[in-house]
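Next comes my_file28.cif, a file with mmCIF, C-alpha atoms and all ligand atoms.
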```cif
data_data
#
loop_
_atom_site.label_atom_id
_atom_site.label_comp_id
_atom_site.auth_asym_id
_atom_site.auth_seq_id
_atom_site.Cartn_x
_atom_site.Cartn_y
_atom_site.Cartn_z
CA MET G 1 -10.95 5.75 -7.56
CA ASN G 2 -11.04 7.60 -4.23
CA ILE G 3 -9.97 6.03 -0.96
CA ILE G 4 -9.40 6.99 2.66
CA LEU G 5 -6.50 5.62 4.70
CA LEU G 6 -7.76 5.65 8.28
CA GLY G 7 -5.67 4.87 11.33
CA PRO G 8 -3.99 6.21 14.45
CA PRO G 9 -0.76 8.26 14.41
CA GLY G 10 2.06 6.07 13.12
CA ALA G 11 -0.24 3.43 11.59
CA GLY G 12 1.59 3.72 8.26
CA LYS G 13 -0.92 5.85 6.33
CA GLY G 14 1.73 8.10 4.76
CA THR G 15 4.02 5.17 3.94
CA GLN G 16 1.27 3.32 2.09
CA ALA G 17 -0.11 6.45 0.42
CA ARG G 18 3.27 7.14 -1.17
CA ARG G 19 3.34 3.61 -2.56
CA LEU G 20 -0.10 4.03 -4.09
CA VAL G 21 0.92 7.31 -5.69
CA ASP G 22 3.82 5.53 -7.40
CA ALA G 23 1.83 2.43 -8.37
CA ARG G 24 -1.56 3.83 -9.38
CA ASN G 25 -1.19 7.40 -10.55
CA MET G 26 -3.31 8.59 -7.64
CA VAL G 27 -2.78 11.84 -5.74
CA GLN G 28 -2.15 11.85 -1.99
CA LEU G 29 -4.08 14.50 -0.08
CA SER G 30 -2.50 14.58 3.38
CA THR G 31 -3.90 17.31 5.62
CA GLY G 32 -0.89 16.85 7.93
CA ASP G 33 1.50 17.58 5.03
CA MET G 34 -0.61 20.57 3.92
CA LEU G 35 -0.57 22.03 7.44
CA ARG G 36 3.20 21.50 7.79
CA ALA G 37 3.71 23.18 4.38
CA ALA G 38 1.59 26.12 5.58
CA GLN G 39 3.85 26.42 8.63
CA SER G 40 7.04 26.25 6.53
CA SER G 41 5.84 29.00 4.22
CA GLY G 42 4.65 31.15 7.13
CA THR G 43 1.02 31.59 6.02
CA GLU G 44 -1.70 32.83 8.39
CA ILE G 45 -3.04 29.28 8.66
CA GLY G 46 0.47 27.99 9.37
CA LYS G 47 0.92 30.46 12.23
CA LYS G 48 -2.52 29.67 13.63
CA VAL G 49 -1.99 25.88 13.76
CA ALA G 50 1.67 25.63 14.87
CA GLY G 51 0.99 25.34 18.62
CA VAL G 52 -2.03 23.08 18.17
CA MET G 53 -0.05 20.63 16.05
CA ALA G 54 3.01 20.65 18.29
CA ARG G 55 0.76 19.68 21.23
CA GLY G 56 -0.86 16.90 19.17
CA GLU G 57 -4.36 18.39 19.23
CA LEU G 58 -6.72 18.55 16.26
CA VAL G 59 -6.84 21.61 14.02
CA THR G 60 -10.36 23.02 13.49
CA ASP G 61 -12.69 21.36 10.99
CA GLU G 62 -13.10 24.68 9.19
CA ILE G 63 -9.37 24.93 8.38
CA VAL G 64 -8.82 21.36 7.22
CA ILE G 65 -12.05 21.17 5.20
CA GLY G 66 -11.01 24.41 3.48
CA LEU G 67 -7.60 22.94 2.59
CA ILE G 68 -9.14 19.77 1.17
CA GLU G 69 -11.76 21.67 -0.85
CA GLU G 70 -9.05 23.87 -2.37
CA GLN G 71 -6.84 20.91 -3.37
CA PHE G 72 -9.75 18.80 -4.60
CA SER G 73 -10.97 21.56 -6.91
CA THR G 74 -7.55 22.44 -8.36
CA VAL G 75 -5.64 19.14 -8.65
CA LYS G 76 -6.48 16.79 -11.51
CA ALA G 77 -5.97 13.08 -10.85
CA ASP G 78 -7.20 9.55 -11.62
CA GLY G 79 -8.09 9.29 -7.96
CA PHE G 80 -7.36 10.65 -4.51
CA ILE G 81 -5.91 9.04 -1.41
CA PHE G 82 -7.21 10.91 1.62
CA ASP G 83 -4.47 10.51 4.24
CA GLY G 84 -5.29 11.82 7.71
CA PHE G 85 -8.61 13.25 6.53
CA PRO G 86 -11.39 12.98 7.57
CA ARG G 87 -10.67 12.87 11.30
CA THR G 88 -14.07 13.91 12.68
CA LEU G 89 -17.66 13.14 11.75
CA ALA G 90 -18.09 16.73 10.52
CA GLN G 91 -15.11 16.26 8.19
CA ALA G 92 -16.53 12.95 6.94
CA ASP G 93 -19.85 14.62 6.12
CA ALA G 94 -18.03 17.45 4.34
CA LEU G 95 -16.06 14.99 2.24
CA GLY G 96 -19.23 13.13 1.31
CA HIS G 97 -20.82 16.38 0.09
CA LEU G 98 -17.66 17.38 -1.79
CA LEU G 99 -17.49 14.07 -3.67
CA ALA G 100 -21.24 14.07 -4.40
CA ARG G 101 -21.04 17.62 -5.84
CA ALA G 102 -18.24 16.44 -8.14
CA GLY G 103 -20.23 13.34 -9.19
CA GLN G 104 -17.67 11.08 -7.52
CA LYS G 105 -17.77 8.46 -4.78
CA LEU G 106 -15.60 6.81 -2.17
CA ASP G 107 -14.42 3.38 -3.28
CA ALA G 108 -12.93 2.19 0.01
CA VAL G 109 -12.13 3.32 3.53
CA ILE G 110 -9.14 1.28 4.62
CA GLU G 111 -8.56 1.11 8.35
CA MET G 112 -4.98 0.24 9.32
CA LYS G 113 -5.03 -1.61 12.63
CA VAL G 114 -1.88 -1.33 14.75
CA ASP G 115 -1.34 -2.07 18.47
CA ASP G 116 -0.96 1.04 20.63
CA GLU G 117 2.44 -0.03 22.00
CA ALA G 118 3.84 -0.42 18.48
CA LEU G 119 2.63 3.05 17.49
CA VAL G 120 4.73 4.96 19.99
CA ALA G 121 7.90 3.16 18.82
CA ARG G 122 7.06 3.92 15.20
CA VAL G 123 6.47 7.61 15.79
CA THR G 124 9.48 8.27 18.01
CA GLY G 125 11.80 6.39 15.58
CA ARG G 126 10.57 8.18 12.46
CA SER G 127 12.61 10.47 10.22
CA THR G 128 11.70 12.01 6.87
CA CYS G 129 13.72 13.08 3.83
CA ALA G 130 13.66 16.89 3.87
CA ASN G 131 13.58 17.01 0.08
CA CYS G 132 11.08 14.38 -1.11
CA GLY G 133 9.26 13.31 2.08
CA GLU G 134 10.31 9.65 1.96
CA VAL G 135 9.64 8.20 5.42
CA TYR G 136 12.24 6.18 7.37
CA HIS G 137 12.38 4.46 10.74
CA ASP G 138 15.44 3.85 12.92
CA VAL G 139 14.68 0.12 13.18
CA THR G 140 12.18 -1.00 10.53
CA LYS G 141 13.31 1.18 7.60
CA PRO G 142 16.72 2.73 8.40
CA GLN G 143 18.17 5.53 6.30
CA PRO G 144 20.62 4.10 3.71
CA ALA G 145 24.17 3.53 4.98
CA ASP G 146 25.58 6.10 2.51
CA GLY G 147 23.42 8.78 4.19
CA LYS G 148 21.51 9.49 0.95
CA CYS G 149 17.75 9.18 0.57
CA SER G 150 17.00 6.06 -1.50
CA ASN G 151 14.31 7.96 -3.40
CA CYS G 152 15.99 11.28 -4.30
CA GLY G 153 19.60 11.18 -3.04
CA SER G 154 19.19 14.09 -0.62
CA THR G 155 21.33 13.97 2.52
CA GLU G 156 18.97 16.04 4.70
CA PHE G 157 16.54 14.33 7.05
CA THR G 158 14.11 15.85 9.54
CA HIS G 159 12.25 14.81 12.70
CA ARG G 160 8.74 16.16 13.28
CA PRO G 161 8.33 18.30 16.43
CA ASP G 162 5.18 16.35 17.37
CA ASP G 163 7.01 13.01 17.21
CA ASN G 164 7.68 12.85 20.94
CA GLU G 165 5.93 10.69 23.48
CA GLU G 166 3.89 13.48 25.10
CA SER G 167 2.41 14.80 21.83
CA PHE G 168 1.91 11.25 20.63
CA ARG G 169 -0.29 10.46 23.67
CA THR G 170 -2.46 13.52 22.90
CA ARG G 171 -2.70 12.49 19.22
CA LEU G 172 -3.70 8.95 20.19
CA LEU G 173 -6.37 10.29 22.55
CA ALA G 174 -7.73 12.50 19.76
CA TYR G 175 -7.81 9.47 17.49
CA TYR G 176 -9.89 7.38 19.89
CA ARG G 177 -12.17 10.28 20.87
CA ASP G 178 -12.79 12.00 17.52
CA THR G 179 -11.64 9.75 14.67
CA SER G 180 -12.44 6.15 15.66
CA PRO G 181 -16.22 6.83 15.41
CA LEU G 182 -15.61 7.02 11.65
CA ILE G 183 -15.06 3.26 11.62
CA GLY G 184 -18.72 2.68 12.48
CA TYR G 185 -19.80 5.55 10.23
CA TYR G 186 -18.19 3.99 7.15
CA TYR G 187 -19.04 0.42 8.17
CA ALA G 188 -22.71 1.42 8.15
CA LYS G 189 -22.23 2.78 4.63
CA GLY G 190 -20.63 -0.53 3.53
CA GLN G 191 -17.33 1.20 2.71
CA HIS G 192 -15.12 0.12 5.63
CA VAL G 193 -12.45 -2.55 5.30
CA ALA G 194 -9.56 -3.26 7.68
CA VAL G 195 -5.99 -4.42 7.11
CA ASP G 196 -3.42 -5.73 9.57
CA GLY G 197 -1.12 -2.72 9.92
CA MET G 198 1.20 -4.74 12.19
CA ALA G 199 2.42 -6.70 9.17
CA GLU G 200 5.59 -5.69 7.32
CA ILE G 201 5.34 -2.69 5.01
CA ASP G 202 5.34 -4.84 1.82
CA ALA G 203 2.65 -7.15 3.24
CA VAL G 204 0.42 -4.20 4.15
CA ALA G 205 0.91 -2.82 0.63
CA ALA G 206 -0.10 -6.19 -0.86
CA ALA G 207 -3.25 -6.32 1.31
CA ILE G 208 -4.24 -2.80 0.19
CA ARG G 209 -3.55 -3.74 -3.44
CA ASP G 210 -5.92 -6.72 -3.13
CA ILE G 211 -8.66 -4.50 -1.71
CA LEU G 212 -8.30 -1.93 -4.49
CA ASP G 213 -8.23 -4.62 -7.19
CA LYS G 214 -11.60 -5.87 -5.92
CA SER G 215 -13.16 -2.40 -5.52
P1 LIG Q 1 -0.63 13.81 10.39
O1 LIG Q 1 0.55 14.33 9.69
O2 LIG Q 1 -1.79 13.33 9.62
O3 LIG Q 1 -0.13 12.74 11.45
P2 LIG Q 1 -0.79 11.39 12.04
O4 LIG Q 1 -2.18 11.05 11.63
O5 LIG Q 1 -0.57 11.52 13.50
O6 LIG Q 1 -0.09 10.29 11.33
P3 LIG Q 1 1.43 10.14 11.13
O7 LIG Q 1 1.90 10.97 9.99
O8 LIG Q 1 2.13 10.34 12.46
O9 LIG Q 1 1.53 8.60 10.84
P4 LIG Q 1 1.28 7.72 9.54
O10 LIG Q 1 0.10 6.86 9.80
O11 LIG Q 1 1.28 8.52 8.28
O12 LIG Q 1 2.56 6.79 9.63
P5 LIG Q 1 3.88 6.74 8.71
O13 LIG Q 1 3.59 6.13 7.39
O14 LIG Q 1 4.60 8.04 8.72
O15 LIG Q 1 -1.21 14.95 11.38
C1 LIG Q 1 -0.36 15.73 12.19
C2 LIG Q 1 -1.18 16.77 12.94
O16 LIG Q 1 -1.82 17.65 11.99
C3 LIG Q 1 -2.33 16.25 13.80
O17 LIG Q 1 -1.90 15.86 15.09
C4 LIG Q 1 -3.26 17.46 13.84
O18 LIG Q 1 -2.77 18.44 14.73
C5 LIG Q 1 -3.13 18.03 12.42
N1 LIG Q 1 -4.10 17.45 11.48
C6 LIG Q 1 -3.81 16.76 10.35
N2 LIG Q 1 -4.93 16.40 9.71
C7 LIG Q 1 -5.97 16.87 10.46
C8 LIG Q 1 -7.38 16.78 10.31
N3 LIG Q 1 -7.95 16.15 9.27
N4 LIG Q 1 -8.14 17.38 11.27
C9 LIG Q 1 -7.60 18.03 12.31
N5 LIG Q 1 -6.26 18.14 12.52
C10 LIG Q 1 -5.45 17.56 11.59
O19 LIG Q 1 4.72 5.66 9.56
C11 LIG Q 1 5.19 5.94 10.87
C12 LIG Q 1 6.54 5.25 11.09
O20 LIG Q 1 6.33 3.84 11.10
C13 LIG Q 1 7.56 5.53 9.97
O21 LIG Q 1 8.84 5.63 10.55
C14 LIG Q 1 7.46 4.29 9.06
O22 LIG Q 1 8.69 3.99 8.41
C15 LIG Q 1 7.08 3.18 10.07
N6 LIG Q 1 6.20 2.18 9.49
C16 LIG Q 1 5.17 2.38 8.60
N7 LIG Q 1 4.56 1.23 8.30
C17 LIG Q 1 5.19 0.26 9.04
C18 LIG Q 1 5.01 -1.15 9.18
N8 LIG Q 1 4.04 -1.81 8.51
N9 LIG Q 1 5.83 -1.84 10.03
C19 LIG Q 1 6.82 -1.16 10.73
N10 LIG Q 1 7.05 0.16 10.63
C20 LIG Q 1 6.24 0.86 9.79
#
```

As structure tokens:
Amino acid sequence: MNIILLGPPGAGKGTQARRLVDARNMVQLSTGDMLRAAQSSGTEIGKKVAGVMARGELVTDEIVIGLIEEQFSTVKADGFIFDGFPRTLAQADALGHLLARAGQKLDAVIEMKVDDEALVARVTGRSTCANCGEVYHDVTKPQPADGKCSNCGSTEFTHRPDDNEESFRTRLLAYYRDTSPLIGYYYAKGQHVAVDGMAEIDAVAAAIRDILDKS
């Protein structure tokens, strides 16, 4: 089973993808995580995209399609969760070709709908476990009182450099300009389904579970 989690910055794509990995033996392919890993390890791609990402702009199609193709051809899994990819119509076409060449298909494109005002609070309140990537939020999912990650026990947490209001506004603009046309693109293919991303994390997970059980 292959699915796309589609939604604006802070919609909860990463949070729900991690749950699906645990529950369904699927592999999360997050282009954001891949690009941050490239920056941490100082690769050419990492150096090239650092400024673009910090400003909240989109990285080129060529780079992100290349990253996805590499992971898709090397990682073996029961299914993939595409998180933050595709983000443009060119990326959506590339993914369609990639799946077709592998004799696979998309089972669902799940749009997570969240009000714009809620998104900025989610992004600016976010922190992440530096060791395992578990995502927290100052208000809705605070770090445990003992200061240890509930998933791996690490005591190190990080804040993303693009999680400030200015970069967020640029990311949101990019979402409406370049990514939201994918809603119509996948609706026309009969693959689009939406969930209420304003609901609590467990309720969103249950709604996604229902969709996948029916797919
Ligand atoms: P990326 O890393 O993909 O960031 P994003 O799409 O902006 O999404 P986020 O990671 O900010 O949010 P999320 O939806 O995963 O939310 P999360 O679960 O963390 O991309 C970063 C950058 O990389 C881009 O700006 C671009 O430069 C580049 N890039 C990446 N992919 C690209 C591509 N394909 N093409 C071109 N460029 C690309 O949740 C957010 C917070 O909310 C957390 O604190 C969480 O605890 C909380 N939360 C989650 N769910 C709920 C809920 N239901 N209720 C309350 N709080 C919740």

How would you report the residues lying within 6 Å of ligand LIG 1 (chain Q), as a ChimeraX atom specification, if you count only C-alpha atoms and all ligand atoms?
/G:8-15,31-33,52-53,56-60,64,84-87,122-123,125-126,135-137,140-141,171,197-201

Would you put the residues from that selection into a file with C-alpha atoms, as a CSV table (one decimal), in the coordinates of the input?
```csv
chain,number,residue,atom,x,y,z
G,8,PRO,CA,-4.0,6.2,14.4
G,9,PRO,CA,-0.8,8.3,14.4
G,10,GLY,CA,2.1,6.1,13.1
G,11,ALA,CA,-0.2,3.4,11.6
G,12,GLY,CA,1.6,3.7,8.3
G,13,LYS,CA,-0.9,5.8,6.3
G,14,GLY,CA,1.7,8.1,4.8
G,15,THR,CA,4.0,5.2,3.9
G,31,THR,CA,-3.9,17.3,5.6
G,32,GLY,CA,-0.9,16.8,7.9
G,33,ASP,CA,1.5,17.6,5.0
G,52,VAL,CA,-2.0,23.1,18.2
G,53,MET,CA,0.0,20.6,16.0
G,56,GLY,CA,-0.9,16.9,19.2
G,57,GLU,CA,-4.4,18.4,19.2
G,58,LEU,CA,-6.7,18.6,16.3
G,59,VAL,CA,-6.8,21.6,14.0
G,60,THR,CA,-10.4,23.0,13.5
G,64,VAL,CA,-8.8,21.4,7.2
G,84,GLY,CA,-5.3,11.8,7.7
G,85,PHE,CA,-8.6,13.2,6.5
G,86,PRO,CA,-11.4,13.0,7.6
G,87,ARG,CA,-10.7,12.9,11.3
G,122,ARG,CA,7.1,3.9,15.2
G,123,VAL,CA,6.5,7.6,15.8
G,125,GLY,CA,11.8,6.4,15.6
G,126,ARG,CA,10.6,8.2,12.5
G,135,VAL,CA,9.6,8.2,5.4
G,136,TYR,CA,12.2,6.2,7.4
G,137,HIS,CA,12.4,4.5,10.7
G,140,THR,CA,12.2,-1.0,10.5
G,141,LYS,CA,13.3,1.2,7.6
G,171,ARG,CA,-2.7,12.5,19.2
G,197,GLY,CA,-1.1,-2.7,9.9
G,198,MET,CA,1.2,-4.7,12.2
G,199,ALA,CA,2.4,-6.7,9.2
G,200,GLU,CA,5.6,-5.7,7.3
G,201,ILE,CA,5.3,-2.7,5.0
```

Output as a tab-separated table one row per residue of stretch 121-190 of chain G within 12 Å of stretch 96-117 of chain G: the closest atom pair and its distance in Å to one decimal place, counting all atoms listed in the file, sorted by chain and residue number ascending.
```
residue	atom	partner	partner_atom	distance
G:Ala121	CA	G:Glu117	CA	7.1
G:Arg122	CA	G:Glu117	CA	9.1
G:Val123	CA	G:Glu117	CA	10.6
G:Thr124	CA	G:Glu117	CA	11.6
G:Glu165	CA	G:Glu117	CA	11.4
G:Phe168	CA	G:Asp116	CA	10.6
G:Arg169	CA	G:Asp116	CA	9.9
G:Arg171	CA	G:Asp116	CA	11.7
G:Leu172	CA	G:Asp116	CA	8.4
G:Leu173	CA	G:Asp116	CA	10.9
G:Tyr175	CA	G:Asp116	CA	11.3
G:Tyr176	CA	G:Asp116	CA	11.0
G:Thr179	CA	G:Glu111	CA	11.1
G:Ser180	CA	G:Glu111	CA	9.7
G:Pro181	CA	G:Glu111	CA	11.9
G:Leu182	CA	G:Val109	CA	9.6
G:Ile183	CA	G:Glu111	CA	7.6
G:Gly184	CA	G:Glu111	CA	11.1
G:Tyr185	CA	G:Val109	CA	10.4
G:Tyr186	CA	G:Val109	CA	7.1
G:Tyr187	CA	G:Val109	CA	8.8
G:Ala188	CA	G:Val109	CA	11.7
G:Lys189	CA	G:Val109	CA	10.2
G:Gly190	CA	G:Ala108	CA	8.9
```

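Atom CA of G:Gln16 is positioned 17.8 Å from atom CA of G:Asp138.
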
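With distances restricted to only C-alpha atoms, G:Arg55 is the closest residue to G:Pro161 from G:Gly46, G:Ala77, G:Arg55, G:Val21.
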
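Across the structure, atom CA of G:Asn151 and atom CA of G:Ser127 are spaced 14.0 Å apart.
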
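Nearest to G:Ile65 of all the residues G:Thr43, G:Ser30, G:Ser150, G:Asn25 is G:Ser30, counting all atoms listed in the file.
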
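You will find atom CA of G:Ile45 at 18.2 Å from atom CA of G:Phe72.
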
Across G:Gly153, G:Ala54, G:Lys76, G:Gln143, the smallest distance to G:Arg36, with only C-alpha atoms counted, is shown by G:Ala54

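Nearest residue to G:Glu44, choosing from G:Ala118, G:Ile63, G:Leu29, G:Asn164 and counting all atoms listed in the file: G:Ile63.
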
Take every atom of stretch 180-188 of chain G listed in the file, fit an axis-aligned box around them, add 3 Å per side, and give the centre and edge lengths in Å to one decimal as lines of an AutoDock Vina configuration file.
```
center_x = -17.6
center_y = 3.7
center_z = 11.4
size_x = 16.3
size_y = 12.6
size_z = 14.5
```

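With all atoms listed in the file taken into account, the protein and nucleic acid residues at most 12 Å from G:Ile211 (excluding it and anything under 3 positions from it in its own chain) are G:Ile3, G:Asp107, G:Ala108, G:Val109, G:Ile110, G:Glu111, G:Gln191, G:His192, G:Val193, G:Ala194, G:Val195, G:Val204, G:Ala205, G:Ala206, G:Ala207, G:Ile208, G:Lys214, G:Ser215.
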
Any chance you can output those residues with C-alpha atoms as a PDB file, in the frame of the given file?
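Final output, part-v7.pdb:
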```pdb
ATOM      1  CA  ILE G   3      -9.970   6.030  -0.960  1.00  0.00           C
ATOM      2  CA  ASP G 107     -14.420   3.380  -3.280  1.00  0.00           C
ATOM      3  CA  ALA G 108     -12.930   2.190   0.010  1.00  0.00           C
ATOM      4  CA  VAL G 109     -12.130   3.320   3.530  1.00  0.00           C
ATOM      5  CA  ILE G 110      -9.140   1.280   4.620  1.00  0.00           C
ATOM      6  CA  GLU G 111      -8.560   1.110   8.350  1.00  0.00           C
ATOM      7  CA  GLN G 191     -17.330   1.200   2.710  1.00  0.00           C
ATOM      8  CA  HIS G 192     -15.120   0.120   5.630  1.00  0.00           C
ATOM      9  CA  VAL G 193     -12.450  -2.550   5.300  1.00  0.00           C
ATOM     10  CA  ALA G 194      -9.560  -3.260   7.680  1.00  0.00           C
ATOM     11  CA  VAL G 195      -5.990  -4.420   7.110  1.00  0.00           C
ATOM     12  CA  VAL G 204       0.420  -4.200   4.150  1.00  0.00           C
ATOM     13  CA  ALA G 205       0.910  -2.820   0.630  1.00  0.00           C
ATOM     14  CA  ALA G 206      -0.100  -6.190  -0.860  1.00  0.00           C
ATOM     15  CA  ALA G 207      -3.250  -6.320   1.310  1.00  0.00           C
ATOM     16  CA  ILE G 208      -4.240  -2.800   0.190  1.00  0.00           C
ATOM     17  CA  LYS G 214     -11.600  -5.870  -5.920  1.00  0.00           C
ATOM     18  CA  SER G 215     -13.160  -2.400  -5.520  1.00  0.00           C
TER      19      SER G 215
END
```

N, CA and C atoms for stretch 14-26 of chain G, written as a PDB file, keeping the file's coordinate frame, could you do that?
```pdb
ATOM      1  N   GLY G  14       0.880   7.368   5.703  1.00  0.00           N
ATOM      2  CA  GLY G  14       1.730   8.100   4.760  1.00  0.00           C
ATOM      3  C   GLY G  14       2.610   7.161   3.946  1.00  0.00           C
ATOM      4  N   THR G  15       3.156   6.152   4.611  1.00  0.00           N
ATOM      5  CA  THR G  15       4.020   5.170   3.940  1.00  0.00           C
ATOM      6  C   THR G  15       3.257   4.484   2.810  1.00  0.00           C
ATOM      7  N   GLN G  16       2.047   4.036   3.103  1.00  0.00           N
ATOM      8  CA  GLN G  16       1.270   3.320   2.090  1.00  0.00           C
ATOM      9  C   GLN G  16       0.718   4.268   1.020  1.00  0.00           C
ATOM     10  N   ALA G  17       0.391   5.491   1.412  1.00  0.00           N
ATOM     11  CA  ALA G  17      -0.110   6.450   0.420  1.00  0.00           C
ATOM     12  C   ALA G  17       0.960   6.721  -0.640  1.00  0.00           C
ATOM     13  N   ARG G  18       2.200   6.869  -0.206  1.00  0.00           N
ATOM     14  CA  ARG G  18       3.270   7.140  -1.170  1.00  0.00           C
ATOM     15  C   ARG G  18       3.427   5.980  -2.157  1.00  0.00           C
ATOM     16  N   ARG G  19       3.249   4.770  -1.661  1.00  0.00           N
ATOM     17  CA  ARG G  19       3.340   3.610  -2.560  1.00  0.00           C
ATOM     18  C   ARG G  19       2.226   3.616  -3.600  1.00  0.00           C
ATOM     19  N   LEU G  20       1.032   4.001  -3.160  1.00  0.00           N
ATOM     20  CA  LEU G  20      -0.100   4.030  -4.090  1.00  0.00           C
ATOM     21  C   LEU G  20       0.078   5.119  -5.144  1.00  0.00           C
ATOM     22  N   VAL G  21       0.661   6.221  -4.739  1.00  0.00           N
ATOM     23  CA  VAL G  21       0.920   7.310  -5.690  1.00  0.00           C
ATOM     24  C   VAL G  21       1.825   6.767  -6.805  1.00  0.00           C
ATOM     25  N   ASP G  22       2.880   6.066  -6.410  1.00  0.00           N
ATOM     26  CA  ASP G  22       3.820   5.530  -7.400  1.00  0.00           C
ATOM     27  C   ASP G  22       3.166   4.467  -8.275  1.00  0.00           C
ATOM     28  N   ALA G  23       2.348   3.592  -7.650  1.00  0.00           N
ATOM     29  CA  ALA G  23       1.830   2.430  -8.370  1.00  0.00           C
ATOM     30  C   ALA G  23       0.582   2.718  -9.193  1.00  0.00           C
ATOM     31  N   ARG G  24      -0.226   3.699  -8.770  1.00  0.00           N
ATOM     32  CA  ARG G  24      -1.560   3.830  -9.380  1.00  0.00           C
ATOM     33  C   ARG G  24      -1.899   5.199  -9.923  1.00  0.00           C
ATOM     34  N   ASN G  25      -0.921   6.068 -10.004  1.00  0.00           N
ATOM     35  CA  ASN G  25      -1.190   7.400 -10.550  1.00  0.00           C
ATOM     36  C   ASN G  25      -2.294   8.135  -9.784  1.00  0.00           C
ATOM     37  N   MET G  26      -2.336   7.882  -8.485  1.00  0.00           N
ATOM     38  CA  MET G  26      -3.310   8.590  -7.640  1.00  0.00           C
ATOM     39  C   MET G  26      -2.584   9.766  -6.968  1.00  0.00           C
TER      40      MET G  26
END
```
